[in-house]
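Asks: Let me give you the structure first, and then I'll get to my questions.
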Amino acid sequence: MKVPFLEQTMRWFGPRDAVTLAHIRQAGATGVVTALHELACGEVWPVDLIRLRNAEITAAGLRWSVVESVPVHEAIKQNTADAAMYLDRYRQSLQNLAACGIHVVCYNFMAVTDWTRTNLAMPMPGGAEALRFDAVDAATFDLHLLKRRGAEAGYTPAVREAAERRFSEMTADQLTQLSRTILLGLPGTVDNLTVEQFQGLLDHYAAIDSAKLREHHRRFLEAVIPTAESCGVVLAIHPDDPPFPMFGLPRIVGDEDGLRQIIQAVDSPSNGITFCTGSLGARPGNDLPGMLKRLGHRVHFLHLRNVKREPDGSFFEDDHLAGDVNMPAVMREAIALMQRIDKPLPMRPDHGHRMLGDLENNNFYAGYSTIGRLKGLAELRGLEVGLRTGAGS
Ligand code: DNO
């Protein structure tokens, strides 16, 4: 039997992205991962807009492989009185996507924020720039800039002291930059938040712990999965990034147990997972190859990225084949999985370093410059081919 190859894709933020569809094609990808980023969270995705975007992608010789993401409105996450209306709209968006031939939809269920980093330009030894999450910087922001009520209880005395020291050592500019990095402009987050607005959003979760958030997620699944099934769409939840509690917010998608509870909540192939090795890899106990083996029947989309962890919970995004994620072992499992399901799985090199000529261009979305991802894709492609031909074993 001929085992299918991974479908090589790259994320594209739409016509305003500094990375063009032609660049993505030159990188050797055949698929594109994108969303109607111009629509506000909670709006119905109209068929005509989906068609237009799809036509643009097809005209570039590519395929719209995965939607990342149809974002889930806070009303659903918090289960407020408006949740029913937003669930209706979500179902409609799924049906509209299916009508346009797009059947894989990534989403996340992170409260308030999307992914969180403290430094978007950590210098690598050769001069490239990587994304970093520094646990002490995050605590410094939380304790001294946000001054979140009750934050002290979430940190050990050692971290509190380290944060105190860092706060006194950082310049006003550095502190502003840290706030901006945590609060502003990351894909999927609410734009241009002030510290006060952020605190206001956190307050909505005062009475929502992880068990409650999990219950809200189950309600979401019960409401949308039957529709997804009937129109042939598979949903794929993205893990929390980082995969541990932040700013006192509840988190439910950080490890195998959390993912298992999710897929068991509504037993349907449409209730699936985006297996993100970078997010899950930031948590030391996560056995990624084992998780992919055991949860693989529900994995519809792969994000391949590496992280180098530090003992205090900090990490940075390393080269795709360096760091703490055993990428060859993950790739072996991905190949075995495709053998079992007998179809290609869409994969994207998640993030990449800003490097070479891209260092002169400031218009990229953090983590999504061209050359670092091209390099990541090339390495991952080589790894797959090498393992399949036995050269890597
Ligand atoms: C970061 C991404 C996330 C992801 C969403 C999925 O680079 O992995 O923004 O797209 O969380 O909903």
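By order of appearance in the structure tokens: chains A, B, ..., then residues from 1 within every chain, and ligands from 1 in the order shown.
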Residues contacting ligand 1 - anything with an atom at most 7 Å away, using only C-alpha atoms and all ligand atoms - can you give me those as a PyMOL selection string?
Replies: chain A and resi 68-69+71+106-108+114-115+187-188+238+350-351+367
Asks: Store the residues of this selection in a file with all heavy atoms, as an mmCIF file, in the first residue's frame.
Replies:
```
data_model
loop_
_atom_site.group_PDB
_atom_site.id
_atom_site.type_symbol
_atom_site.label_atom_id
_atom_site.label_comp_id
_atom_site.auth_asym_id
_atom_site.auth_seq_id
_atom_site.Cartn_x
_atom_site.Cartn_y
_atom_site.Cartn_z
ATOM 1 N N GLU A 68 -8.077 28.361 9.444
ATOM 2 C CA GLU A 68 -7.531 28.635 10.777
ATOM 3 C C GLU A 68 -7.636 30.131 10.994
ATOM 4 O O GLU A 68 -6.903 30.886 10.373
ATOM 5 C CB GLU A 68 -6.083 28.187 10.895
ATOM 6 C CG GLU A 68 -5.491 28.446 12.268
ATOM 7 C CD GLU A 68 -4.089 27.867 12.429
ATOM 8 O OE1 GLU A 68 -3.643 27.127 11.534
ATOM 9 O OE2 GLU A 68 -3.468 28.153 13.443
ATOM 10 N N SER A 69 -8.567 30.483 11.833
ATOM 11 C CA SER A 69 -9.603 29.730 12.508
ATOM 12 C C SER A 69 -10.967 30.325 12.175
ATOM 13 O O SER A 69 -11.045 31.454 11.730
ATOM 14 C CB SER A 69 -9.455 29.865 14.027
ATOM 15 O OG SER A 69 -8.193 29.440 14.461
ATOM 16 N N PRO A 71 -13.073 31.708 14.609
ATOM 17 C CA PRO A 71 -12.918 31.932 16.053
ATOM 18 C C PRO A 71 -14.236 31.784 16.804
ATOM 19 O O PRO A 71 -15.305 32.086 16.265
ATOM 20 C CB PRO A 71 -12.384 33.367 16.141
ATOM 21 C CG PRO A 71 -12.588 33.978 14.817
ATOM 22 C CD PRO A 71 -12.886 32.915 13.808
ATOM 23 N N CYS A 106 -10.016 24.711 12.009
ATOM 24 C CA CYS A 106 -9.291 24.808 13.270
ATOM 25 C C CYS A 106 -9.938 25.902 14.120
ATOM 26 O O CYS A 106 -10.487 26.868 13.588
ATOM 27 C CB CYS A 106 -7.846 25.162 12.920
ATOM 28 S SG CYS A 106 -6.778 25.621 14.277
ATOM 29 N N TYR A 107 -9.897 25.747 15.411
ATOM 30 C CA TYR A 107 -10.399 26.782 16.331
ATOM 31 C C TYR A 107 -9.695 26.599 17.666
ATOM 32 O O TYR A 107 -8.996 25.599 17.864
ATOM 33 C CB TYR A 107 -11.930 26.660 16.505
ATOM 34 C CG TYR A 107 -12.346 25.460 17.330
ATOM 35 C CD1 TYR A 107 -12.720 25.594 18.671
ATOM 36 C CD2 TYR A 107 -12.334 24.165 16.799
ATOM 37 C CE1 TYR A 107 -13.082 24.501 19.438
ATOM 38 C CE2 TYR A 107 -12.687 23.066 17.559
ATOM 39 C CZ TYR A 107 -13.064 23.235 18.876
ATOM 40 O OH TYR A 107 -13.400 22.139 19.639
ATOM 41 N N ASN A 108 -9.849 27.559 18.546
ATOM 42 C CA ASN A 108 -9.326 27.334 19.901
ATOM 43 C C ASN A 108 -10.397 27.690 20.910
ATOM 44 O O ASN A 108 -11.400 28.324 20.575
ATOM 45 C CB ASN A 108 -8.033 28.126 20.149
ATOM 46 C CG ASN A 108 -8.297 29.605 20.323
ATOM 47 O OD1 ASN A 108 -8.916 30.036 21.296
ATOM 48 N ND2 ASN A 108 -7.860 30.403 19.353
ATOM 49 N N ASP A 114 -5.318 34.723 22.716
ATOM 50 C CA ASP A 114 -4.926 33.616 21.848
ATOM 51 C C ASP A 114 -3.551 33.222 22.373
ATOM 52 O O ASP A 114 -3.357 33.097 23.565
ATOM 53 C CB ASP A 114 -4.938 34.080 20.386
ATOM 54 C CG ASP A 114 -4.873 32.923 19.393
ATOM 55 O OD1 ASP A 114 -4.026 32.048 19.576
ATOM 56 O OD2 ASP A 114 -5.646 32.907 18.427
ATOM 57 N N TRP A 115 -2.559 33.103 21.581
ATOM 58 C CA TRP A 115 -1.254 32.690 22.092
ATOM 59 C C TRP A 115 -0.553 33.848 22.807
ATOM 60 O O TRP A 115 -0.774 35.010 22.498
ATOM 61 C CB TRP A 115 -0.395 32.109 20.980
ATOM 62 C CG TRP A 115 -0.262 32.981 19.776
ATOM 63 C CD1 TRP A 115 -1.274 33.520 19.038
ATOM 64 C CD2 TRP A 115 0.956 33.427 19.171
ATOM 65 N NE1 TRP A 115 -0.756 34.252 18.001
ATOM 66 C CE2 TRP A 115 0.603 34.215 18.069
ATOM 67 C CE3 TRP A 115 2.304 33.212 19.459
ATOM 68 C CZ2 TRP A 115 1.556 34.796 17.244
ATOM 69 C CZ3 TRP A 115 3.244 33.796 18.633
ATOM 70 C CH2 TRP A 115 2.861 34.576 17.545
ATOM 71 N N PRO A 187 -2.352 37.447 16.317
ATOM 72 C CA PRO A 187 -3.498 36.988 15.538
ATOM 73 C C PRO A 187 -4.519 36.351 16.474
ATOM 74 O O PRO A 187 -4.175 35.534 17.311
ATOM 75 C CB PRO A 187 -2.914 35.935 14.596
ATOM 76 C CG PRO A 187 -1.469 35.866 14.868
ATOM 77 C CD PRO A 187 -1.115 36.799 15.963
ATOM 78 N N GLY A 188 -5.770 36.765 16.322
ATOM 79 C CA GLY A 188 -6.812 36.130 17.111
ATOM 80 C C GLY A 188 -7.105 36.863 18.408
ATOM 81 O O GLY A 188 -8.119 36.633 19.033
ATOM 82 N N HIS A 238 -7.328 23.690 18.664
ATOM 83 C CA HIS A 238 -5.909 23.999 18.851
ATOM 84 C C HIS A 238 -5.601 24.019 20.347
ATOM 85 O O HIS A 238 -6.377 24.577 21.126
ATOM 86 C CB HIS A 238 -5.608 25.369 18.235
ATOM 87 C CG HIS A 238 -4.160 25.708 18.192
ATOM 88 N ND1 HIS A 238 -3.461 26.118 19.312
ATOM 89 C CD2 HIS A 238 -3.258 25.674 17.177
ATOM 90 C CE1 HIS A 238 -2.193 26.332 18.972
ATOM 91 N NE2 HIS A 238 -2.048 26.061 17.679
ATOM 92 N N ASP A 350 4.850 25.476 11.748
ATOM 93 C CA ASP A 350 4.240 26.514 12.560
ATOM 94 C C ASP A 350 5.328 27.497 12.962
ATOM 95 O O ASP A 350 6.306 27.118 13.589
ATOM 96 C CB ASP A 350 3.606 25.869 13.789
ATOM 97 C CG ASP A 350 2.645 26.798 14.500
ATOM 98 O OD1 ASP A 350 2.241 27.801 13.888
ATOM 99 O OD2 ASP A 350 2.313 26.526 15.659
ATOM 100 N N HIS A 351 5.147 28.713 12.606
ATOM 101 C CA HIS A 351 6.122 29.773 12.906
ATOM 102 C C HIS A 351 7.466 29.463 12.255
ATOM 103 O O HIS A 351 7.677 28.392 11.689
ATOM 104 C CB HIS A 351 6.330 29.970 14.415
ATOM 105 C CG HIS A 351 5.061 30.207 15.175
ATOM 106 N ND1 HIS A 351 5.032 30.326 16.536
ATOM 107 C CD2 HIS A 351 3.786 30.370 14.759
ATOM 108 C CE1 HIS A 351 3.787 30.534 16.938
ATOM 109 N NE2 HIS A 351 3.029 30.559 15.876
ATOM 110 N N GLY A 367 6.191 35.646 14.018
ATOM 111 C CA GLY A 367 6.307 34.193 13.832
ATOM 112 C C GLY A 367 6.032 33.739 12.404
ATOM 113 O O GLY A 367 6.266 32.586 12.059
#
```
Asks: Could you give me, as a ChimeraX atom specification, the residues within 9 Å of Ala211 (chain A), counting only C-alpha atoms and dropping anything in the same chain fewer than 5 positions from it?
Replies: /A:216,250,252
Asks: With N, CA and C atoms retained, could you export that selection as a PDB file, in the first residue's frame?
Replies:
```
ATOM      1  N   HIS A 216     -18.668  24.567  29.169  1.00  0.00           N
ATOM      2  CA  HIS A 216     -19.067  25.465  28.077  1.00  0.00           C
ATOM      3  C   HIS A 216     -18.566  24.923  26.739  1.00  0.00           C
ATOM      4  N   PRO A 250      -8.924  30.145  33.245  1.00  0.00           N
ATOM      5  CA  PRO A 250      -9.023  28.688  33.146  1.00  0.00           C
ATOM      6  C   PRO A 250      -8.442  28.187  31.824  1.00  0.00           C
ATOM      7  N   ILE A 252      -8.087  24.439  29.394  1.00  0.00           N
ATOM      8  CA  ILE A 252      -8.575  23.050  29.323  1.00  0.00           C
ATOM      9  C   ILE A 252      -7.900  22.204  28.245  1.00  0.00           C
TER      10      ILE A 252
END
```
Asks: Going by DSSP on the backbone, which residues of region 198-299 of chain A come out as alpha helix (DSSP H)? List them as a PyMOL selection string.
Replies: chain A and resi 198-203+210-231+256-265+277-281+288-295
Asks: If you count only C-alpha atoms, which residues fall within 9 Å of Leu337 (chain A), apart from same-chain ones fewer than 6 positions away, as a VMD selection string?
Replies: chain A and resid 292 to 293 296 to 297 345
Asks: Show which residues sit within 6 Å of region 128-145 of chain A, as a ChimeraX atom specification. Count only C-alpha atoms, and ignore same-chain residues fewer than 3 positions away.
Replies: /A:117-124,163,313-317,353-355
Asks: Among region 55-219 of chain A, which ones does DSSP place in strand (DSSP E), written as number ranges by chain?
Replies: A: 63-68, 104-108, 119-123, 129-133
Asks: Which distance in Å separates CA of Thr274 (chain A) and CA of Glu379 (chain A), to one decimal?
Replies: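 CA of Glu379 (chain A) lies 20.6 Å from CA of Thr274 (chain A).
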Asks: Which residues of region 296-320 of chain A sit at most 10 Å from region 6-30 of chain A, using only C-alpha atoms? Give each one's shortest atom pair and distance in Å (one decimal place), in chain and ascending residue order, as CSV.
Replies:
```
residue,atom,partner,partner_atom,distance
A:Phe301,CA,A:Glu7,CA,9.6
A:Leu302,CA,A:Leu6,CA,9.2
A:His303,CA,A:Thr9,CA,9.9
```
Asks: I need the residues from that last selection saved to file as a PDB file, in the first residue's frame (with all heavy atoms), if you can.
Replies:
```
ATOM      1  N   PHE A 301      -5.170  17.857  11.699  1.00  0.00           N
ATOM      2  CA  PHE A 301      -4.285  18.938  11.234  1.00  0.00           C
ATOM      3  C   PHE A 301      -3.065  18.941  12.149  1.00  0.00           C
ATOM      4  O   PHE A 301      -3.197  18.773  13.369  1.00  0.00           O
ATOM      5  CB  PHE A 301      -5.070  20.258  11.336  1.00  0.00           C
ATOM      6  CG  PHE A 301      -4.386  21.507  10.860  1.00  0.00           C
ATOM      7  CD1 PHE A 301      -3.420  21.479   9.857  1.00  0.00           C
ATOM      8  CD2 PHE A 301      -4.746  22.744  11.409  1.00  0.00           C
ATOM      9  CE1 PHE A 301      -2.823  22.651   9.419  1.00  0.00           C
ATOM     10  CE2 PHE A 301      -4.165  23.921  10.973  1.00  0.00           C
ATOM     11  CZ  PHE A 301      -3.192  23.868   9.978  1.00  0.00           C
ATOM     12  N   LEU A 302      -1.877  19.128  11.535  1.00  0.00           N
ATOM     13  CA  LEU A 302      -0.636  19.139  12.320  1.00  0.00           C
ATOM     14  C   LEU A 302       0.030  20.504  12.235  1.00  0.00           C
ATOM     15  O   LEU A 302       0.201  21.048  11.134  1.00  0.00           O
ATOM     16  CB  LEU A 302       0.357  18.112  11.757  1.00  0.00           C
ATOM     17  CG  LEU A 302       0.019  16.632  11.901  1.00  0.00           C
ATOM     18  CD1 LEU A 302       1.015  15.814  11.074  1.00  0.00           C
ATOM     19  CD2 LEU A 302       0.075  16.197  13.354  1.00  0.00           C
ATOM     20  N   HIS A 303       0.426  21.028  13.381  1.00  0.00           N
ATOM     21  CA  HIS A 303       1.306  22.200  13.446  1.00  0.00           C
ATOM     22  C   HIS A 303       2.642  21.677  13.927  1.00  0.00           C
ATOM     23  O   HIS A 303       2.752  21.230  15.076  1.00  0.00           O
ATOM     24  CB  HIS A 303       0.808  23.203  14.496  1.00  0.00           C
ATOM     25  CG  HIS A 303      -0.335  24.048  14.045  1.00  0.00           C
ATOM     26  ND1 HIS A 303      -0.832  25.081  14.814  1.00  0.00           N
ATOM     27  CD2 HIS A 303      -1.065  24.040  12.911  1.00  0.00           C
ATOM     28  CE1 HIS A 303      -1.824  25.667  14.163  1.00  0.00           C
ATOM     29  NE2 HIS A 303      -1.993  25.050  13.014  1.00  0.00           N
TER      30      HIS A 303
END
```
Asks: Of the candidates A:Ile371, A:Leu356, A:Ile263, A:Val44, which one gets nearest to Asn96 (chain A) if we count only C-alpha atoms?
Replies: A:Val44
Asks: Quick check, in Å to one decimal: how far apart do CA of Leu295 (chain A) and CA of Gly31 (chain A) lie?
Replies: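 If I compute the distance from CA of Leu295 (chain A) to CA of Gly31 (chain A), I get 24.0 Å.
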Asks: Neighbouring residues of Gln199 (chain A) were defined as those with any atom within 10 Å, considering only C-alpha atoms; residues of the same chain fewer than 2 positions away were excluded. Please report them as a ChimeraX atom specification.
Replies: /A:146-149,193-197,201-204,247
Asks: Which residue, A:Tyr90, A:Tyr155, A:Phe5, A:Phe198, has the smallest gap to Thr113 (chain A) when you use only C-alpha atoms?
Replies: A:Phe198
Asks: Between A:Lys212, A:Arg332, A:Arg219, A:Arg298, which one has atoms that come closest to Leu87 (chain A), using only C-alpha atoms?
Replies: A:Arg219
Asks: Enter the distance from CA of Ser179 (chain A) to CA of Tyr368 (chain A), in Å, rounded to one decimal.
Replies: 20.8 Å
Asks: So that I can see what lies close to Pro226 (chain A), please list as a PyMOL selection string the residues with an atom at most 9 Å from it, counting only C-alpha atoms and leaving out residues fewer than 5 positions away in the same chain.
Replies: chain A and resi 221+231+268+270
Asks: With N, CA and C atoms retained, export the selected residues as a short mmCIF file (atom, residue, chain, number, x, y, z; two decimals), in the first residue's frame.
Replies:
```
data_model
loop_
_atom_site.label_atom_id
_atom_site.label_comp_id
_atom_site.auth_asym_id
_atom_site.auth_seq_id
_atom_site.Cartn_x
_atom_site.Cartn_y
_atom_site.Cartn_z
N LEU A 221 -19.61 21.98 21.60
CA LEU A 221 -19.50 20.79 20.74
C LEU A 221 -20.89 20.21 20.46
N CYS A 231 -22.62 18.32 7.31
CA CYS A 231 -22.08 18.95 6.09
C CYS A 231 -20.65 18.48 5.80
N SER A 268 -17.51 11.90 17.95
CA SER A 268 -17.74 12.03 16.51
C SER A 268 -16.41 12.35 15.84
N SER A 270 -16.00 14.34 13.63
CA SER A 270 -15.98 15.78 13.39
C SER A 270 -15.44 16.56 14.58
#
```
Asks: Using only C-alpha atoms, determine which residues lie at most 10 Å from Asp287 (chain A), disregarding the query and same-chain residues fewer than 6 positions distant; provide the list as a ChimeraX atom specification.
Replies: /A:255-256,280-281,325-326,330
